[in-house]
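Visitor: my_file_23.pdb (PDB, C-alpha atoms) pasted underneath:
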ATOM      1  CA  MET A   1       0.000   0.000   0.000  1.00  0.00           C
ATOM      2  CA  SER A   2       1.209   3.389  -0.778  1.00  0.00           C
ATOM      3  CA  GLN A   3       1.352   6.131   1.759  1.00  0.00           C
ATOM      4  CA  GLU A   4      -1.352   8.026  -0.063  1.00  0.00           C
ATOM      5  CA  GLN A   5      -3.795   5.215   0.530  1.00  0.00           C
ATOM      6  CA  LYS A   6      -2.850   5.027   4.205  1.00  0.00           C
ATOM      7  CA  LYS A   7      -3.634   8.675   4.685  1.00  0.00           C
ATOM      8  CA  GLU A   8      -7.253   8.798   3.886  1.00  0.00           C
ATOM      9  CA  VAL A   9      -8.619  12.233   3.894  1.00  0.00           C
ATOM     10  CA  LYS A  10     -11.774  12.269   5.908  1.00  0.00           C
ATOM     11  CA  PRO A  11     -14.219  15.045   5.252  1.00  0.00           C
ATOM     12  CA  LYS A  12     -14.299  17.533   8.075  1.00  0.00           C
ATOM     13  CA  LYS A  13     -17.426  17.563  10.138  1.00  0.00           C
ATOM     14  CA  LYS A  14     -19.072  20.887  10.519  1.00  0.00           C
ATOM     15  CA  GLN A  15     -18.728  22.055  14.039  1.00  0.00           C
ATOM     16  CA  ILE A  16     -21.916  23.480  15.365  1.00  0.00           C
ATOM     17  CA  LYS A  17     -21.355  26.175  17.902  1.00  0.00           C
ATOM     18  CA  LYS A  18     -23.791  26.011  20.730  1.00  0.00           C
ATOM     19  CA  LYS A  19     -25.257  29.319  21.704  1.00  0.00           C
ATOM     20  CA  LYS A  20     -24.634  30.135  25.294  1.00  0.00           C
ATOM     21  CA  LYS A  21     -27.599  31.247  27.255  1.00  0.00           C
ATOM     22  CA  GLN A  22     -27.174  34.893  28.058  1.00  0.00           C
ATOM     23  CA  ASN A  23     -28.371  36.039  31.428  1.00  0.00           C
ATOM     24  CA  LYS A  24     -29.968  39.211  30.162  1.00  0.00           C
ATOM     25  CA  SER A  25     -32.770  40.558  32.227  1.00  0.00           C
ATOM     26  CA  PRO A  26     -36.042  41.051  30.354  1.00  0.00           C
ATOM     27  CA  ARG A  27     -36.847  44.471  28.995  1.00  0.00           C
ATOM     28  CA  LEU A  28     -39.194  46.211  31.395  1.00  0.00           C
ATOM     29  CA  HIS A  29     -40.181  49.138  29.222  1.00  0.00           C
ATOM     30  CA  VAL A  30     -41.792  50.093  25.941  1.00  0.00           C
ATOM     31  CA  ASP A  31     -40.556  53.024  23.900  1.00  0.00           C
ATOM     32  CA  GLY A  32     -42.662  56.126  23.590  1.00  0.00           C
ATOM     33  CA  ILE A  33     -42.215  59.541  22.011  1.00  0.00           C
ATOM     34  CA  PHE A  34     -42.809  62.851  23.762  1.00  0.00           C
ATOM     35  CA  MET A  35     -45.000  64.700  21.275  1.00  0.00           C
ATOM     36  CA  GLY A  36     -45.657  67.935  23.099  1.00  0.00           C
ATOM     37  CA  TYR A  37     -47.844  69.454  25.768  1.00  0.00           C
ATOM     38  CA  ARG A  38     -51.583  69.366  26.237  1.00  0.00           C
ATOM     39  CA  ARG A  39     -52.898  72.525  24.653  1.00  0.00           C
ATOM     40  CA  GLY A  40     -55.807  74.554  23.524  1.00  0.00           C
ATOM     41  CA  LEU A  41     -56.027  76.884  20.576  1.00  0.00           C
ATOM     42  CA  THR A  42     -54.064  79.699  22.187  1.00  0.00           C
ATOM     43  CA  THR A  43     -52.523  78.236  25.338  1.00  0.00           C
ATOM     44  CA  GLN A  44     -50.507  75.170  26.230  1.00  0.00           C
ATOM     45  CA  LYS A  45     -50.545  73.407  29.578  1.00  0.00           C
ATOM     46  CA  THR A  46     -46.959  72.404  30.207  1.00  0.00           C
ATOM     47  CA  GLY A  47     -47.910  70.420  33.304  1.00  0.00           C
ATOM     48  CA  THR A  48     -49.318  67.634  31.118  1.00  0.00           C
ATOM     49  CA  SER A  49     -47.232  65.944  28.430  1.00  0.00           C
ATOM     50  CA  LEU A  50     -48.525  63.936  25.456  1.00  0.00           C
ATOM     51  CA  ILE A  51     -46.821  60.584  24.834  1.00  0.00           C
ATOM     52  CA  LYS A  52     -47.197  58.365  21.766  1.00  0.00           C
ATOM     53  CA  ILE A  53     -46.516  54.752  22.797  1.00  0.00           C
ATOM     54  CA  VAL A  54     -45.014  52.614  20.042  1.00  0.00           C
ATOM     55  CA  GLY A  55     -47.487  49.944  18.915  1.00  0.00           C
ATOM     56  CA  VAL A  56     -50.551  51.503  20.557  1.00  0.00           C
ATOM     57  CA  THR A  57     -53.078  52.793  18.042  1.00  0.00           C
ATOM     58  CA  THR A  58     -56.471  52.848  19.769  1.00  0.00           C
ATOM     59  CA  ARG A  59     -57.940  54.304  22.919  1.00  0.00           C
ATOM     60  CA  LYS A  60     -58.864  50.834  24.170  1.00  0.00           C
ATOM     61  CA  GLU A  61     -55.199  49.719  24.025  1.00  0.00           C
ATOM     62  CA  THR A  62     -54.153  52.655  26.217  1.00  0.00           C
ATOM     63  CA  GLU A  63     -56.197  51.381  29.183  1.00  0.00           C
ATOM     64  CA  TRP A  64     -53.463  48.919  30.190  1.00  0.00           C
ATOM     65  CA  TYR A  65     -50.873  51.717  30.424  1.00  0.00           C
ATOM     66  CA  LEU A  66     -52.872  53.956  32.775  1.00  0.00           C
ATOM     67  CA  GLY A  67     -50.970  54.384  36.042  1.00  0.00           C
ATOM     68  CA  LYS A  68     -47.677  53.100  34.596  1.00  0.00           C
ATOM     69  CA  LYS A  69     -44.459  55.009  35.227  1.00  0.00           C
ATOM     70  CA  VAL A  70     -42.664  56.956  32.505  1.00  0.00           C
ATOM     71  CA  ALA A  71     -38.990  57.940  32.442  1.00  0.00           C
ATOM     72  CA  PHE A  72     -37.245  60.540  30.308  1.00  0.00           C
ATOM     73  CA  VAL A  73     -33.539  59.666  30.342  1.00  0.00           C
ATOM     74  CA  TYR A  74     -31.009  62.219  29.102  1.00  0.00           C
ATOM     75  CA  ASN A  75     -27.349  63.160  29.352  1.00  0.00           C
ATOM     76  CA  ALA A  76     -26.424  66.281  31.274  1.00  0.00           C
ATOM     77  CA  SER A  77     -23.232  68.230  30.743  1.00  0.00           C
ATOM     78  CA  ARG A  78     -21.972  67.902  34.337  1.00  0.00           C
ATOM     79  CA  HIS A  79     -21.216  64.780  36.338  1.00  0.00           C
ATOM     80  CA  HIS A  80     -23.281  64.182  39.450  1.00  0.00           C
ATOM     81  CA  ASN A  81     -22.785  61.126  41.677  1.00  0.00           C
ATOM     82  CA  GLY A  82     -20.332  59.651  39.192  1.00  0.00           C
ATOM     83  CA  SER A  83     -22.554  59.908  36.118  1.00  0.00           C
ATOM     84  CA  ASN A  84     -23.979  62.496  33.805  1.00  0.00           C
ATOM     85  CA  VAL A  85     -27.151  60.501  33.057  1.00  0.00           C
ATOM     86  CA  ARG A  86     -30.319  62.020  34.524  1.00  0.00           C
ATOM     87  CA  THR A  87     -33.925  60.876  34.647  1.00  0.00           C
ATOM     88  CA  ILE A  88     -37.228  62.707  34.981  1.00  0.00           C
ATOM     89  CA  TRP A  89     -39.979  60.407  36.261  1.00  0.00           C
ATOM     90  CA  GLY A  90     -43.685  60.681  35.600  1.00  0.00           C
ATOM     91  CA  LYS A  91     -46.925  58.731  35.486  1.00  0.00           C
ATOM     92  CA  ILE A  92     -49.502  58.102  32.745  1.00  0.00           C
ATOM     93  CA  THR A  93     -52.777  59.650  33.830  1.00  0.00           C
ATOM     94  CA  SER A  94     -55.289  59.231  30.981  1.00  0.00           C
ATOM     95  CA  ALA A  95     -55.838  58.694  27.280  1.00  0.00           C
ATOM     96  CA  HIS A  96     -55.791  61.654  24.915  1.00  0.00           C
ATOM     97  CA  GLY A  97     -58.082  61.313  21.921  1.00  0.00           C
ATOM     98  CA  ASN A  98     -58.766  58.079  20.066  1.00  0.00           C
ATOM     99  CA  SER A  99     -55.432  57.403  18.374  1.00  0.00           C
ATOM    100  CA  GLY A 100     -53.482  55.818  21.235  1.00  0.00           C
ATOM    101  CA  ILE A 101     -51.830  58.939  22.636  1.00  0.00           C
ATOM    102  CA  VAL A 102     -51.707  59.242  26.431  1.00  0.00           C
ATOM    103  CA  ARG A 103     -51.307  62.096  28.908  1.00  0.00           C
ATOM    104  CA  ALA A 104     -48.570  61.978  31.489  1.00  0.00           C
ATOM    105  CA  LYS A 105     -47.596  64.145  34.435  1.00  0.00           C
ATOM    106  CA  PHE A 106     -43.916  64.376  35.350  1.00  0.00           C
ATOM    107  CA  LYS A 107     -42.331  65.384  38.660  1.00  0.00           C
ATOM    108  CA  ARG A 108     -40.665  68.268  36.840  1.00  0.00           C
ATOM    109  CA  ASN A 109     -42.172  69.344  33.551  1.00  0.00           C
ATOM    110  CA  LEU A 110     -40.314  68.001  30.540  1.00  0.00           C
ATOM    111  CA  PRO A 111     -38.203  70.624  28.766  1.00  0.00           C
ATOM    112  CA  ALA A 112     -39.345  71.773  25.340  1.00  0.00           C
ATOM    113  CA  ILE A 113     -36.095  70.515  23.811  1.00  0.00           C
ATOM    114  CA  ALA A 114     -37.292  66.971  24.610  1.00  0.00           C
ATOM    115  CA  MET A 115     -40.128  67.115  22.063  1.00  0.00           C
ATOM    116  CA  GLY A 116     -39.740  64.281  19.583  1.00  0.00           C
ATOM    117  CA  LYS A 117     -37.316  62.404  21.832  1.00  0.00           C
ATOM    118  CA  LYS A 118     -37.812  58.922  23.293  1.00  0.00           C
ATOM    119  CA  VAL A 119     -39.245  58.189  26.712  1.00  0.00           C
ATOM    120  CA  ARG A 120     -39.460  54.824  28.444  1.00  0.00           C
ATOM    121  CA  VAL A 121     -42.912  53.608  29.461  1.00  0.00           C
ATOM    122  CA  MET A 122     -42.312  51.097  32.239  1.00  0.00           C
ATOM    123  CA  MET A 123     -44.351  47.911  32.570  1.00  0.00           C
ATOM    124  CA  TYR A 124     -44.844  48.513  36.274  1.00  0.00           C
ATOM    125  CA  PRO A 125     -46.732  48.937  38.496  1.00  0.00           C
ATOM    126  CA  SER A 126     -48.856  46.097  37.121  1.00  0.00           C
ATOM    127  CA  ASN A 127     -52.361  44.998  38.035  1.00  0.00           C
ATOM    128  CA  ILE A 128     -51.846  41.413  36.837  1.00  0.00           C
TER     129      ILE A 128
END
Kindly transcribe the structure held in the file into structure tokens.
Guide:
Amino acid sequence: MSQEQKKEVKPKKKQIKKKKKQNKSPRLHVDGIFMGYRRGLTTQKTGTSLIKIVGVTTRKETEWYLGKKVAFVYNASRHHNGSNVRTIWGKITSAHGNSGIVRAKFKRNLPAIAMGKKVRVMMYPSNI
């Protein structure tokens, strides 16, 4: 037998990499967009903010979000307690119209520069 016959080339088996289970905590919020303030024809009420929740399109779907907490997270220019990330907390109070927009009251009114920016609508407190 020749050496070529002794060395049989076996086809390589495809190695399947097993995915490791990542210990990521579940996402506890839904994205929303701060659309502006509650307003009339000539005045706006800056104490109440209007939030469009992603995926919510009817007034009936907003019922589950009533009472949930809302967070506006932003970066400040100065460090405070080791971080420059700040949060303004609020709560969803009621629906606004029939298109899935909700009203929210924040501890400190949201700044006007935040219009069009993302907010986090938390899944808690829950009634389930």
Visitor: Find the spatial neighbours of range 37-43 of chain A, counting only C-alpha atoms, within a cut-off of 12 Å - ignore same-chain residues fewer than 5 positions away - and output them as number ranges by chain.
Guide: A: 48-52, 94-97, 101-106, 109-116
Visitor: Given the file shown, determine the residues that the PyMOL selection byres ((chain A and resi 69) around 7) selects; report them as a list in words.
Guide: Gly67, Lys68, Val70, Ala71, Gly90, Lys91, Ile92, Val121, Met122 and Tyr124 of chain A
Visitor: On this structure, which residues satisfy the PyMOL selection byres ((chain A and resi 119) around 8), written as an MDAnalysis selection string?
Guide: chainID A and resid 31:34 70:73 117:118 120:121
Visitor: Give me, as a PyMOL selection string, all polymer residues having an atom no more than 7 Å from Arg59 in chain A, counting only C-alpha atoms and skipping those fewer than 2 positions away in the same chain.
Guide: chain A and resi 61-62+95+98-100
Visitor: Interatomic distance between CA of Ile88 in chain A and CA of Arg108 in chain A?
Guide: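 The value is 6.8 Å.
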Visitor: Could you work out how far CA of Gly55 in chain A lies from CA of Ala76 in chain A, giving the answer in Å with one decimal?
Guide: 29.4 Å
Visitor: By how many Å are CA of Val85 in chain A and CA of His29 in chain A apart?
Guide: 17.7 Å
Visitor: Which is closer to Pro125 in chain A than all the others in A:Thr87, A:Val54, A:Leu66, A:Asn81, using only C-alpha atoms?
Guide: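 Under the stated criterion, the closest residue is A:Leu66.
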Visitor: Please, what is the axis-aligned box for every listed atom of range 76-88 of chain A with 5 Å on each side, as centre and edge lengths in Å to one decimal, as JSON?
Guide:
{"center_x": -28.8, "center_y": 63.9, "center_z": 36.2, "size_x": 26.9, "size_y": 18.6, "size_z": 20.9}
